[in-house]
Amino acid sequence: MDRRWCALPAEEVLNVLKTQSQGLEDGEVKVRLKEYGYNDLVTKKKTHALIIFFRQFLNPLVYILIIASIIKFILSNYTDAFVILGVIIFMAIVGFIQEGRAEKAVESLKQLASPKAKVKRAGKIKIIPSKELVPGDIIILESGDKIPADARIIELANLKVNESILTGESVSVDKHIDTIPENASISECKDMLYMGTIVTYGRAIAVVIATGMNTEMGKIASALKEIKSEKTPLQRSIDILGKWMIVITIGIVIILKVIGLSRGLSWMEVFMLSVSATVSALPEGLPAVITVVLAIGMSELAKRNAIIRKLVAVETLGSTTVICTDKTGTLTMNQMTVKLIFYNYQLREVTEQVLKDAELKNFLEIGILCNDAIVKEDDKKEELIGDPTEIALLLIGLKAGIRKSDLEKSYPRLSEIPFQSEKQYMATLHKRGNKLMVYLKGSPERILSLTNLSESSKLKIFEAVNIMADDAMRVLAFGYCELSPDKKFIVENDIVGKISFAGLVGMIDPPRQEAIRAVKLCKKAGIRVVMVTGDNKLTAKAISKEVGIYTREVLTSEDLYKMRDEELSEKVKTVSVFARIEPLHKLKIVKSFKKLGDIVAMTGDGVNDAPALESADVGIAMGLSGTDVAKEASDMILADDNFASIVSAIEEGRVIFNRLRNAVLFLLTTCFGELFTLLLSIFFIGKLPILPIQILWINFVTGSLIAIPLGLEPKVGNELDFPPRHPKVGIIYPGMVMRIIVLASYLSIGAFLVFKFSLDKFGLEEARTITFCSIVLFEWLVAFNARSDEITIFKLGIFKNRALIKAVLIAFCLQILVIYTGLGRSLFNTIALSLKGWFLSLIPGITTFILETTRKMFFPYLFSKGKWQPAKIIKR
């Protein structure tokens, strides 16, 4: 919106737009429609669904799976081949569904536009499709109407508008026609109306100043269209891993071919050797493990009120360094609550003891009777409906044992002066026995102007008002007077100078206690919490201090308008509270943090939040108060709108990332261990230690079958004791590479020595069977050691991961079938082993298990280099 419109008088706006109160002529409408276009939100040209689908296959991990499926077809292992193809198609479908989220968010925006508009043209009132509105049109609005375009008010009567979809604040805004400074924020432009917002009270006539993509809603739609989706840390890690695995596999296959030919192997033997090497090197179980671990993580998060919409967001949560959160309903209760009472010239905090005071009940009755909020009873449940301020007065009455329904039966309302923004008070007339009583509530200044109090008394009252205002409380004054019994209704002249001052109430939307605890947890975990709210500066400062976020200053939209992007990037290093923030400024704040290398989680509920949610690494929409637009743009939905649930989700995200690391460590150790075994055996002996079909079996009974339960490892409980890992630190880190090399060396050297010894003692077929079992047993034992990098399984609890225990038992039974049944022996070229053969098979695994357990006891962090590489967190 061009800021000048709010600063111009209504008459001047009409002149600038070359229109008048009678509206535009039909000919002029056609000209402007051609110039400005339809009043529609335009979406970008959609990519064809087939292109989006086939784009999902451009992924190194998918290349690995395709190669693996081709090899399994060559080896006539059709079942495995079709399973892998199924995994590929499943991954493509998930990616296809998720890639259309931004377009859906813009489509949801279009649904907010009003389908019809009441317009005055050439002096006649018409109902037209809202898309035909043009700048300069005169629109007529009344209670319940959805505003069809951005407009400047030229006439109004008691107009209130709900602008929550733009500002995030649920309280309806009182409008007027007085000019506002040019640099005012959207929430401060009380003479303006915005597309998609709703008239909740009164009526108005306004002139359209912007339509379609030029409206505030259009700017949000433009921002959504322009945001490019970025890969998550997990996706980047998997891409890098996939590329390296392909390069390493090709390199080792070439080396093996050279060695094989130099050792005099035939071309067929070399081909089978290459197939064996490729099967060994490809961790085809990895995509399935990642998908299953993330999916189970989604289920766990749902139990903690975090509903994941995009699978990879589960892991991204764990690397979050900054949480940009709204205030209302997330950090606070989203329920105005009376905290202080000024009564009998004493300021008191609301407690159970104070509410038992009999005299105080007369004071509270004023706020309950002079009140339009209602208590709706349904199925033995009570629901309070009305203005949040008035609901707060009913709630404190209920705490004091006073019910509105009981009071109204005893003291029925006879007449009223409804609240109007220019009057700043509400008054009601009640029959109380033989008396007629007037009760008032309103701004302290207005109520006191209706009294005859001395200046010294007013000074004491304003001291109390200032104390409440300094704590960002909304302050209401109560008053009363008695009228003569013959009065049937009230007017202002009846009460001027006759009002007795009753007292004050100070109310605020208080912070959630669990949010305060969650902010402390975030600090401990090295996560910075930033408040980004549409509320005023004083309220933002007060709440941020109470929850422990406030640093040294509060920035507003006005400040952000004056800043260049570079200045804002510097400011966000130290400022943690942003107030009166406008829609696109939220996006600027997110981008500033991302420029600094932070992984940003952003909360939001309104249409105004959609671009920031889409741009953030993790967009978090509110489940209770969130609009469909916000939910479509988000990665995660909070079912309870509670900040504490975000912190729980981050903890779970870290747990899930650790599980993925455990599974990757295990799978790569087994892959490289098998490869090195082939290299050693071919180089020194010139024979395959195990056959391709046996490698396929190993990859089955120690691949997905073991890796998936390993990815279900229960959390340790210290996940939030560490700072977030740096965004550049992926699944694999230098310490893990060293550990993989060490463990893979243990496996390859152990299996090679077992093969060489067995070959000399028992012959080729039995030697291969013993080596085959040796690798399987080794990998089962390594799985238990892979549960943690630093903690022994005895401290973790041997039986804590029951899924892993069950998986190993199942794998053991299957291995026995392969060794001791006729079908198993014929399919896998094995022979029945004696106890001596099993003993030989067990030596490498047991030795490695003892070495690893000893290492963890004395050098737990030997392989931790680069594991966390803590992100640089600004001191708060």
# chains A, B, ... in the order shown; residues from 1 in each chain; ligands from 1
>>> residues_around(residues="A:Gly260", least_positions_apart="3", cutoff="12 Å", atoms="only C-alpha atoms", output="ChimeraX atom specification")
/A:252-257,263-274,277,678-688
>>> residues_around(residues="A:Thr451", least_positions_apart="5", cutoff="12 Å", atoms="only C-alpha atoms", output="ChimeraX atom specification")
/A:440,444-446,457-458,477-481,495-502
>>> closest_residue(among="A:Asn493, A:Ser454, A:Thr200, A:Ser576", to="A:Asn158", atoms="only C-alpha atoms")
A:Thr200
>>> select_by_dssp(residues="stretch 620-670 of chain A", states="helix (DSSP H, G or I)", output="ChimeraX atom specification")
/A:628-633,643-670
>>> atom_distance(atom1="atom CA of A:Thr291", atom2="atom CA of A:Leu50")
23.1 Å
